[in-house]
Amino acid sequence: METTQQTPIQTKPQHKGKRYRLDKPELLAPAGNLEKLKFAVHYGADAVYIGGQKYGLRSNADNFSFEEMKEGVEFAKKYGAKVFVATNIYAHEEDLDGIAEYLGKLQEAGIAAIITADPVIVETAKTAAPEIEVHLSTQQSTLNWQAVQFWKEEGLPRVVLGRETSLEEIAEIKANVDIEIESFVHGAMCSSYSGRCVLSNHFTDRDSNRGGCCQSCRWKYDLFENPAPEGEWVSEEQQFDDNEGNPLFKPEDNAFTMGSKDLCMLGSIPDLIEVGIDSFKVEGRMKSIHYVATVVNVYRQAIDSYMADPENYVLKPEWMEELNKAANRPLNTGFFYDTPDHEDHIYEPEEKAVPYDFAGLVLDYDEAAGIATIQQRNHFKPGTEIEFFGPDGTFFKQTVGTIWDEEGNELDAARHPMQHVRIKVDQPLRYFDMMRKRNAKK
Amino acid sequence: MGYKPELLATCGTLDELKALAEAGCDAFLLGEEKYGMRLPGEFSPELIAEAVSFARPRDIKIYVCVNNLMDNTKLPDLPGYLQKMGEIGVDGIEFGDPSVLMHARKLLPNMPLHWNAEMTSTNHGTANYWGRRGATRVVLARELNMDEVTAMMPELEVEAQVQVHGMTNIYHSKRSLVHSYMANQGRPVEDDNVGLSRGLYLIEAERRDERFPIYEDSNGTHIMSSGDICILEDLHLLLEAGVQSFKIEGILKSPAYNVAAARAYRKAIDAFVADPQEYAFDEAWLDEIRDLQDPNRELSFGFFYKEQVY
């Protein structure tokens with residue numbers, strides 16, 4: 001398969017002096033439901049991945065019915081975008097029976113690819129849904145080029161690498177195997193090797209590899225040691241003698257946790273493109289519309305800006321500011337440059353709240369009057385500081401003035417979810433532009 | 001019927017291996033940290049060769065653990081290592097990563113290959129998939145329940161190995177989580193002593209009576225279960241289902257404890273094989289294990305009888 005928007009261009013060799021022609025990578029976004037899909041696509045995703053009713057790893061998400069999938073595929077098609085479905089569980093016996101039928105229905109719905117970890121699904125797809133591409137999920141923790149070669153020989157056009165692979169390793173994989181490589185570039189990360197964690201199973205009897213993950217890695221733990229002479233093997237019998245472990249923490253310390261900071265590779269777009277990653281994946285099927293639109297919008301602009309003129313590309317500070325408006329955790333660069341260390345985990349007590357909220361969706365804009373019709377998505381009133389943003393760089397701030405309802409009655413606040421209201425806006429807007437406000441809780 | 005299931009153990013040293021052989025184990029999984037994960041001790045190729053010379057005349061099998069998550073840096077030495085295992089004459093190779101399978105098929109065409117991806121070996125379809133690509137055995141996930149295991153057996157085109165005793169890994173990260181935590185608190189680990197022998201464990205805030213061992217090695221950070229599987233009481237269900245290999249995981253246990261476990265399972269297997277009809281579990285088989293069981297660790301059925309949701 002070729003990515004939809006290939007823009008061959010000439011550029012100076014930079015990474016390992018190998019690549020003279022850079023392909024434009026695919027921007028692959030999460031879509032937890034049909035509405036999020038539309039936003040992701042409208043804000044610039046080349047492809048979205050969704051979950052169906054079965055076989056996906058987000059059993060709590062608002063997953064797609066086949067009807068919704070069809071609608072999503074139709075919508076995406078208008079933008080030249082594709083829809084992938086995550087079928088990334090590790091199946092148990094009881095899951096096996098329906099797989100073929102399910103995959104057949106995905107094919108019928110026009111799904112372009114499935115993202116799959118379990119070989120039994122890889123194999124079933126070959127016969128049950130031959131038109132669907134099979135992408136190997138990150139849950140397989142594929143880290144080396146010979147394993148990638150194996151999956152290529154199995155007929156797979158794409159491998160989503162384990163999040164532990166560095167840029168250097170990706171370069172080596174690309175140099176050795178002619179296959180599409182997809183990497184996570186933004187969002188929350190398992191701190192374990194994906195698929196190699198059953199904390200949820202042990203703590204809450206929820207199967208993490210079938211969508212039951214309860215994020216026990218982000219819980220708080222105390223670290224102890226058995227009292228034993230250092231470096232010496234002590235039998236368990238001896239260990240029983242002193243039943244009290246030694247705490248390796250002080251009362252004022254933060255608790256131990258495995259929770260990782262979130263991945264953000266926005267600062268490294270040139271490196272990602274030059275190393276030849278074919279698909280840039282954003283994590284977050286459970287995230288809000290505001291999050292998905294904001295993140296996709298920023299990465300779209302950065303990728304397009306780099307591809308248009310690699311020589312003079314600069315990372316714009318406002319892109320980072322935008323991302324921070326949707327982020328609720330501190331960010332880092334994962335394993336791309338180095339193995340994460342003590343600065344890459346979240347030991348501090350509280351995650352910060354998302355600083356901005358989605359407040360309204362622009363439905364219409366009356367150019368003559370300078371008035372926008374807005375579908376309310378959160379409370380706002382005259383005097384609220386707001387921002388508008390949209391694809392292609394639309395961005396401005398203003399204060400809410402008079403608010404009218406559709407009949408022209410003045411409102412003291414926009415209180416009703418999904419109510420259509422009108423306000424005067426400082427600059428032109430388009431359908432699908434978004435209005436956000438600073439979160440009152442900060 | 002000629003059903004002769006295997007009793008396999010991991011072990012830390014050659015001495016432990018001999019003691020476990022004496023106690024009734026007839027297969028061992030050995031290896032080194034570079035290629036295998038979470039082994040109780042390091043067995044260099046020289047030690048593996050010694051183990052093989054000890055094992056062969058006694059009709060004991062030596063399998064080598066090459067089930068690490070391989071990155072590019074591991075690849076260059078891999079063929080040489082596998083070749084050497086072939087020359088030593090080991091009885092099987094345990095793998096998880098496809099790169100190992102590809103090399104092993106080429107270099108050691110007659111070598112039994114055991115697919116062990118731990119938590120992700122969860123159905124017969126996938127086991128048979130690997131079987132058609134050269135695997136001769138599947139090591140089943142410890143998160144499966146008894147019904148799943150027994151339902152799977154007739155469908156398998158490869159042998160099955162089930163862990164019947166000991167602790168299991170429940171989390172594996174490439175990150176150095178103990179180092180990171182201590183450094184973050186301003187007291188960095190200075191002697192690098194955060195390995196198996198340090199005796200570190202975690203306690204979760206709301207589960208004060210459960211201790212989860214944690215250690216680091218060159219493969220990252222490993223967190224282990226707070227209890228030990230012990231399915232001896234219901235071993236007959238697995239025996240009746242025809243499971244070919246029973247595993248005692250010896251990591252983080254004393255040799256004396258592992259010997260006690262081996263003796264108990266050996267008695268059960270022998271009794272069943274001698275007369276499946278008359279087989280009856282004898283509570284006394286458990287005595288020696290219970291005597292040596294860490295009072296902070298529960299002996300349990302693991303996930304064999306647990307309802308898991310998702």
# chains A, B, ... in the order shown; residues from 1 in each chain; ligands from 1
call {"tool": "residues_around", "arguments": {"residues": "Lys152 in chain A", "least_positions_apart": "2", "cutoff": "12 Å", "atoms": "only C-alpha atoms", "output": "number ranges by chain"}}
result
A: 134-136, 145-150, 154-159, 173, 176-181; B: 98
call {"tool": "write_last_selection", "arguments": {"atoms": "C-alpha atoms", "output": "mmCIF file, in the first residue's frame"}}
result
data_model
loop_
_atom_site.group_PDB
_atom_site.id
_atom_site.type_symbol
_atom_site.label_atom_id
_atom_site.label_comp_id
_atom_site.auth_asym_id
_atom_site.auth_seq_id
_atom_site.Cartn_x
_atom_site.Cartn_y
_atom_site.Cartn_z
ATOM 1 C CA VAL A 134 -3.629 -6.228 8.258
ATOM 2 C CA HIS A 135 -1.356 -4.006 10.322
ATOM 3 C CA LEU A 136 0.542 -5.601 13.174
ATOM 4 C CA TRP A 145 14.162 -5.816 11.839
ATOM 5 C CA GLN A 146 14.176 -9.589 11.484
ATOM 6 C CA ALA A 147 10.858 -9.828 13.301
ATOM 7 C CA VAL A 148 9.581 -7.105 10.974
ATOM 8 C CA GLN A 149 10.897 -9.148 8.058
ATOM 9 C CA PHE A 150 8.991 -12.151 9.386
ATOM 10 C CA GLU A 154 3.576 -13.324 6.385
ATOM 11 C CA GLY A 155 2.030 -10.823 4.012
ATOM 12 C CA LEU A 156 1.575 -7.807 6.268
ATOM 13 C CA PRO A 157 2.108 -4.391 4.661
ATOM 14 C CA ARG A 158 2.643 -2.541 7.912
ATOM 15 C CA VAL A 159 4.047 -3.026 11.404
ATOM 16 C CA ILE A 173 14.617 -1.488 10.414
ATOM 17 C CA ASN A 176 16.668 -3.671 6.122
ATOM 18 C CA VAL A 177 13.002 -4.216 5.351
ATOM 19 C CA ASP A 178 10.810 -2.604 2.728
ATOM 20 C CA ILE A 179 7.631 -2.281 4.729
ATOM 21 C CA GLU A 180 5.498 0.482 6.176
ATOM 22 C CA ILE A 181 6.438 1.432 9.706
ATOM 23 C CA PRO B 98 9.857 -14.329 15.368
#
call {"tool": "interface_residues", "arguments": {"of": "chain A", "to": "chain B", "cutoff": "7 Å", "atoms": "only C-alpha atoms", "output": "PyMOL selection string"}}
result
chain A and resi 59+90-93+118-120+143-147+150+169+191-193+196-199+205-207+210-212+220-226+230-233+235-237+240+253+256+258+339-342
call {"tool": "write_last_selection", "arguments": {"atoms": "N, CA and C atoms", "output": "tab-separated table (two decimals), in the first residue's frame"}}
result
chain	number	residue	atom	x	y	z
A	59	SER	N	-12.54	-1.52	25.98
A	59	SER	CA	-13.90	-2.01	26.16
A	59	SER	C	-14.80	-0.96	26.79
A	90	TYR	N	-5.64	-10.00	22.59
A	90	TYR	CA	-5.15	-11.38	22.51
A	90	TYR	C	-6.35	-12.26	22.82
A	91	ALA	N	-6.80	-12.99	21.81
A	91	ALA	CA	-8.05	-13.73	21.90
A	91	ALA	C	-7.94	-14.93	22.84
A	92	HIS	N	-9.02	-15.22	23.53
A	92	HIS	CA	-9.16	-16.48	24.27
A	92	HIS	C	-10.08	-17.38	23.46
A	93	GLU	N	-10.21	-18.64	23.91
A	93	GLU	CA	-11.01	-19.60	23.15
A	93	GLU	C	-12.40	-19.06	22.81
A	118	ASP	N	-2.94	-10.45	17.57
A	118	ASP	CA	-2.98	-11.90	17.71
A	118	ASP	C	-2.92	-12.57	16.34
A	119	PRO	N	-1.93	-13.45	16.13
A	119	PRO	CA	-1.80	-14.11	14.83
A	119	PRO	C	-3.07	-14.84	14.38
A	120	VAL	N	-3.90	-15.28	15.31
A	120	VAL	CA	-5.11	-15.99	14.87
A	120	VAL	C	-6.02	-15.02	14.11
A	143	LEU	N	10.36	-5.20	17.89
A	143	LEU	CA	11.46	-4.27	18.16
A	143	LEU	C	12.63	-4.43	17.20
A	144	ASN	N	12.67	-5.52	16.43
A	144	ASN	CA	13.87	-5.74	15.61
A	144	ASN	C	13.50	-6.01	14.15
A	145	TRP	N	14.49	-5.78	13.26
A	145	TRP	CA	14.16	-5.82	11.84
A	145	TRP	C	13.89	-7.23	11.33
A	146	GLN	N	14.46	-8.23	11.98
A	146	GLN	CA	14.18	-9.59	11.48
A	146	GLN	C	12.74	-10.01	11.82
A	147	ALA	N	12.27	-9.57	12.97
A	147	ALA	CA	10.86	-9.83	13.30
A	147	ALA	C	9.96	-9.08	12.31
A	150	PHE	N	9.89	-11.01	9.24
A	150	PHE	CA	8.99	-12.15	9.39
A	150	PHE	C	7.56	-11.75	9.05
A	169	GLU	N	17.13	2.64	15.85
A	169	GLU	CA	16.65	1.30	15.55
A	169	GLU	C	15.65	1.32	14.40
A	191	SER	N	3.83	1.95	30.29
A	191	SER	CA	5.23	1.99	30.70
A	191	SER	C	5.85	0.60	30.57
A	192	SER	N	5.01	-0.40	30.47
A	192	SER	CA	5.51	-1.75	30.21
A	192	SER	C	5.65	-1.94	28.71
A	193	TYR	N	6.28	-3.05	28.32
A	193	TYR	CA	6.13	-3.48	26.94
A	193	TYR	C	4.65	-3.75	26.74
A	196	ARG	N	2.58	-6.91	27.68
A	196	ARG	CA	3.34	-7.67	28.69
A	196	ARG	C	3.05	-7.14	30.08
A	197	CYS	N	1.80	-6.87	30.33
A	197	CYS	CA	1.38	-6.37	31.62
A	197	CYS	C	0.02	-6.96	31.96
A	198	VAL	N	-0.05	-7.64	33.10
A	198	VAL	CA	-1.33	-8.17	33.55
A	198	VAL	C	-1.63	-7.66	34.96
A	199	LEU	N	-1.18	-6.44	35.25
A	199	LEU	CA	-1.46	-5.86	36.56
A	199	LEU	C	-2.96	-5.80	36.80
A	205	ASP	N	-9.09	-8.38	38.49
A	205	ASP	CA	-9.68	-9.45	37.68
A	205	ASP	C	-10.18	-8.94	36.33
A	206	ARG	N	-9.57	-7.88	35.85
A	206	ARG	CA	-9.92	-7.38	34.52
A	206	ARG	C	-8.78	-7.69	33.57
A	207	ASP	N	-9.10	-8.31	32.43
A	207	ASP	CA	-8.06	-8.78	31.52
A	207	ASP	C	-7.54	-7.63	30.66
A	210	ARG	N	-7.51	-7.92	26.87
A	210	ARG	CA	-8.79	-7.94	26.16
A	210	ARG	C	-9.57	-6.66	26.44
A	211	GLY	N	-8.88	-5.61	26.78
A	211	GLY	CA	-9.55	-4.32	26.90
A	211	GLY	C	-9.93	-3.92	28.30
A	212	GLY	N	-9.51	-4.69	29.30
A	212	GLY	CA	-9.93	-4.40	30.67
A	212	GLY	C	-8.94	-3.58	31.48
A	220	LYS	N	-0.47	4.11	43.19
A	220	LYS	CA	0.64	4.41	44.09
A	220	LYS	C	1.08	3.16	44.84
A	221	TYR	N	2.39	3.01	44.94
A	221	TYR	CA	2.97	1.83	45.60
A	221	TYR	C	4.06	2.27	46.57
A	222	ASP	N	4.31	1.41	47.57
A	222	ASP	CA	5.46	1.63	48.44
A	222	ASP	C	6.51	0.58	48.10
A	223	LEU	N	7.76	1.01	48.13
A	223	LEU	CA	8.87	0.12	47.79
A	223	LEU	C	9.60	-0.31	49.06
A	224	PHE	N	9.75	-1.62	49.21
A	224	PHE	CA	10.43	-2.17	50.39
A	224	PHE	C	11.54	-3.12	49.94
A	225	GLU	N	12.42	-3.44	50.89
A	225	GLU	CA	13.32	-4.56	50.65
A	225	GLU	C	13.26	-5.50	51.84
A	226	ASN	N	13.45	-6.79	51.54
A	226	ASN	CA	13.60	-7.74	52.63
A	226	ASN	C	14.92	-7.47	53.30
A	230	GLU	N	23.51	-7.31	51.88
A	230	GLU	CA	23.53	-6.84	50.49
A	230	GLU	C	24.26	-7.81	49.57
A	231	GLY	N	23.66	-8.03	48.44
A	231	GLY	CA	24.32	-8.80	47.40
A	231	GLY	C	24.38	-10.29	47.69
A	232	GLU	N	23.80	-10.72	48.77
A	232	GLU	CA	23.90	-12.13	49.10
A	232	GLU	C	22.55	-12.81	48.89
A	233	TRP	N	22.58	-13.98	48.35
A	233	TRP	CA	21.34	-14.72	48.20
A	233	TRP	C	20.90	-15.19	49.58
A	235	SER	N	17.96	-17.37	51.52
A	235	SER	CA	16.85	-18.29	51.28
A	235	SER	C	15.58	-17.72	51.90
A	236	GLU	N	14.47	-18.21	51.42
A	236	GLU	CA	13.22	-17.69	51.96
A	236	GLU	C	13.06	-18.03	53.44
A	237	GLU	N	13.60	-19.18	53.83
A	237	GLU	CA	13.48	-19.56	55.24
A	237	GLU	C	14.11	-18.49	56.12
A	240	PHE	N	12.10	-15.26	56.44
A	240	PHE	CA	10.93	-15.23	57.32
A	240	PHE	C	11.30	-14.72	58.70
A	253	ASP	N	8.63	11.41	50.88
A	253	ASP	CA	8.79	11.03	49.48
A	253	ASP	C	7.46	10.86	48.76
A	256	PHE	N	6.05	5.28	44.95
A	256	PHE	CA	6.54	4.62	43.74
A	256	PHE	C	5.37	4.45	42.76
A	258	MET	N	4.64	3.29	38.30
A	258	MET	CA	5.20	2.95	37.00
A	258	MET	C	4.72	3.94	35.94
A	339	THR	N	16.60	5.82	26.61
A	339	THR	CA	15.66	5.14	27.49
A	339	THR	C	15.19	6.11	28.57
A	340	PRO	N	13.89	6.18	28.80
A	340	PRO	CA	13.38	7.10	29.82
A	340	PRO	C	14.02	6.85	31.19
A	341	ASP	N	14.22	7.93	31.94
A	341	ASP	CA	14.83	7.78	33.27
A	341	ASP	C	13.97	8.46	34.34
A	342	HIS	N	14.62	8.93	35.41
A	342	HIS	CA	13.86	9.43	36.56
A	342	HIS	C	13.06	10.69	36.27
call {"tool": "select_by_dssp", "arguments": {"residues": "range 59-297 of chain B", "states": "strand (DSSP E)", "output": "PyMOL selection string"}}
result
chain B and resi 61-66+92-95+113-115+137-139+159-166+169-173+200-204+212-217+220-224+228-230+245-248
call {"tool": "residues_around", "arguments": {"residues": "Ala129 in chain A", "least_positions_apart": "5", "cutoff": "12 Å", "atoms": "only C-alpha atoms", "output": "PyMOL selection string"}}
result
chain A and resi 99-114+121-124+134
call {"tool": "closest_residue", "arguments": {"among": "A:Ala29, A:Leu361, A:Ile386, A:Ala368", "to": "Arg430 in chain A", "atoms": "only C-alpha atoms"}}
result
A:Leu361
call {"tool": "residues_around", "arguments": {"residues": "range 269-275 of chain B", "least_positions_apart": "3", "cutoff": "9 Å", "atoms": "only C-alpha atoms", "output": "list in words"}}
result
Gly2, Tyr3, Lys4, Pro5, Glu6, Leu7, Leu235, His236, Leu239, Glu240, Ala264, Tyr265, Arg266, Glu278, Tyr279, Ala280 and Phe281 of chain B
call {"tool": "write_last_selection", "arguments": {"atoms": "C-alpha atoms", "output": "JSON list (two decimals), in the first residue's frame"}}
result
[["chain", "number", "residue", "atom", "x", "y", "z"],
["B", 2, "GLY", "CA", 2.08, -44.32, 27.04],
["B", 3, "TYR", "CA", 1.10, -40.92, 28.39],
["B", 4, "LYS", "CA", 4.20, -39.71, 30.19],
["B", 5, "PRO", "CA", 3.95, -36.03, 30.95],
["B", 6, "GLU", "CA", 7.06, -34.09, 31.67],
["B", 7, "LEU", "CA", 7.83, -32.27, 34.93],
["B", 235, "LEU", "CA", -3.54, -31.66, 38.75],
["B", 236, "HIS", "CA", -5.65, -34.60, 37.62],
["B", 239, "LEU", "CA", -3.47, -34.82, 33.44],
["B", 240, "GLU", "CA", -6.82, -36.04, 32.14],
["B", 264, "ALA", "CA", 5.04, -33.32, 45.36],
["B", 265, "TYR", "CA", 4.21, -33.01, 41.67],
["B", 266, "ARG", "CA", 6.30, -36.07, 40.86],
["B", 278, "GLU", "CA", -7.73, -45.00, 40.95],
["B", 279, "TYR", "CA", -5.87, -41.69, 41.16],
["B", 280, "ALA", "CA", -6.70, -39.60, 44.22],
["B", 281, "PHE", "CA", -5.06, -36.44, 45.43]]
call {"tool": "atom_distance", "arguments": {"atom1": "CA of Gly98 in chain A", "atom2": "CA of Lys126 in chain A"}}
result
15.0 Å
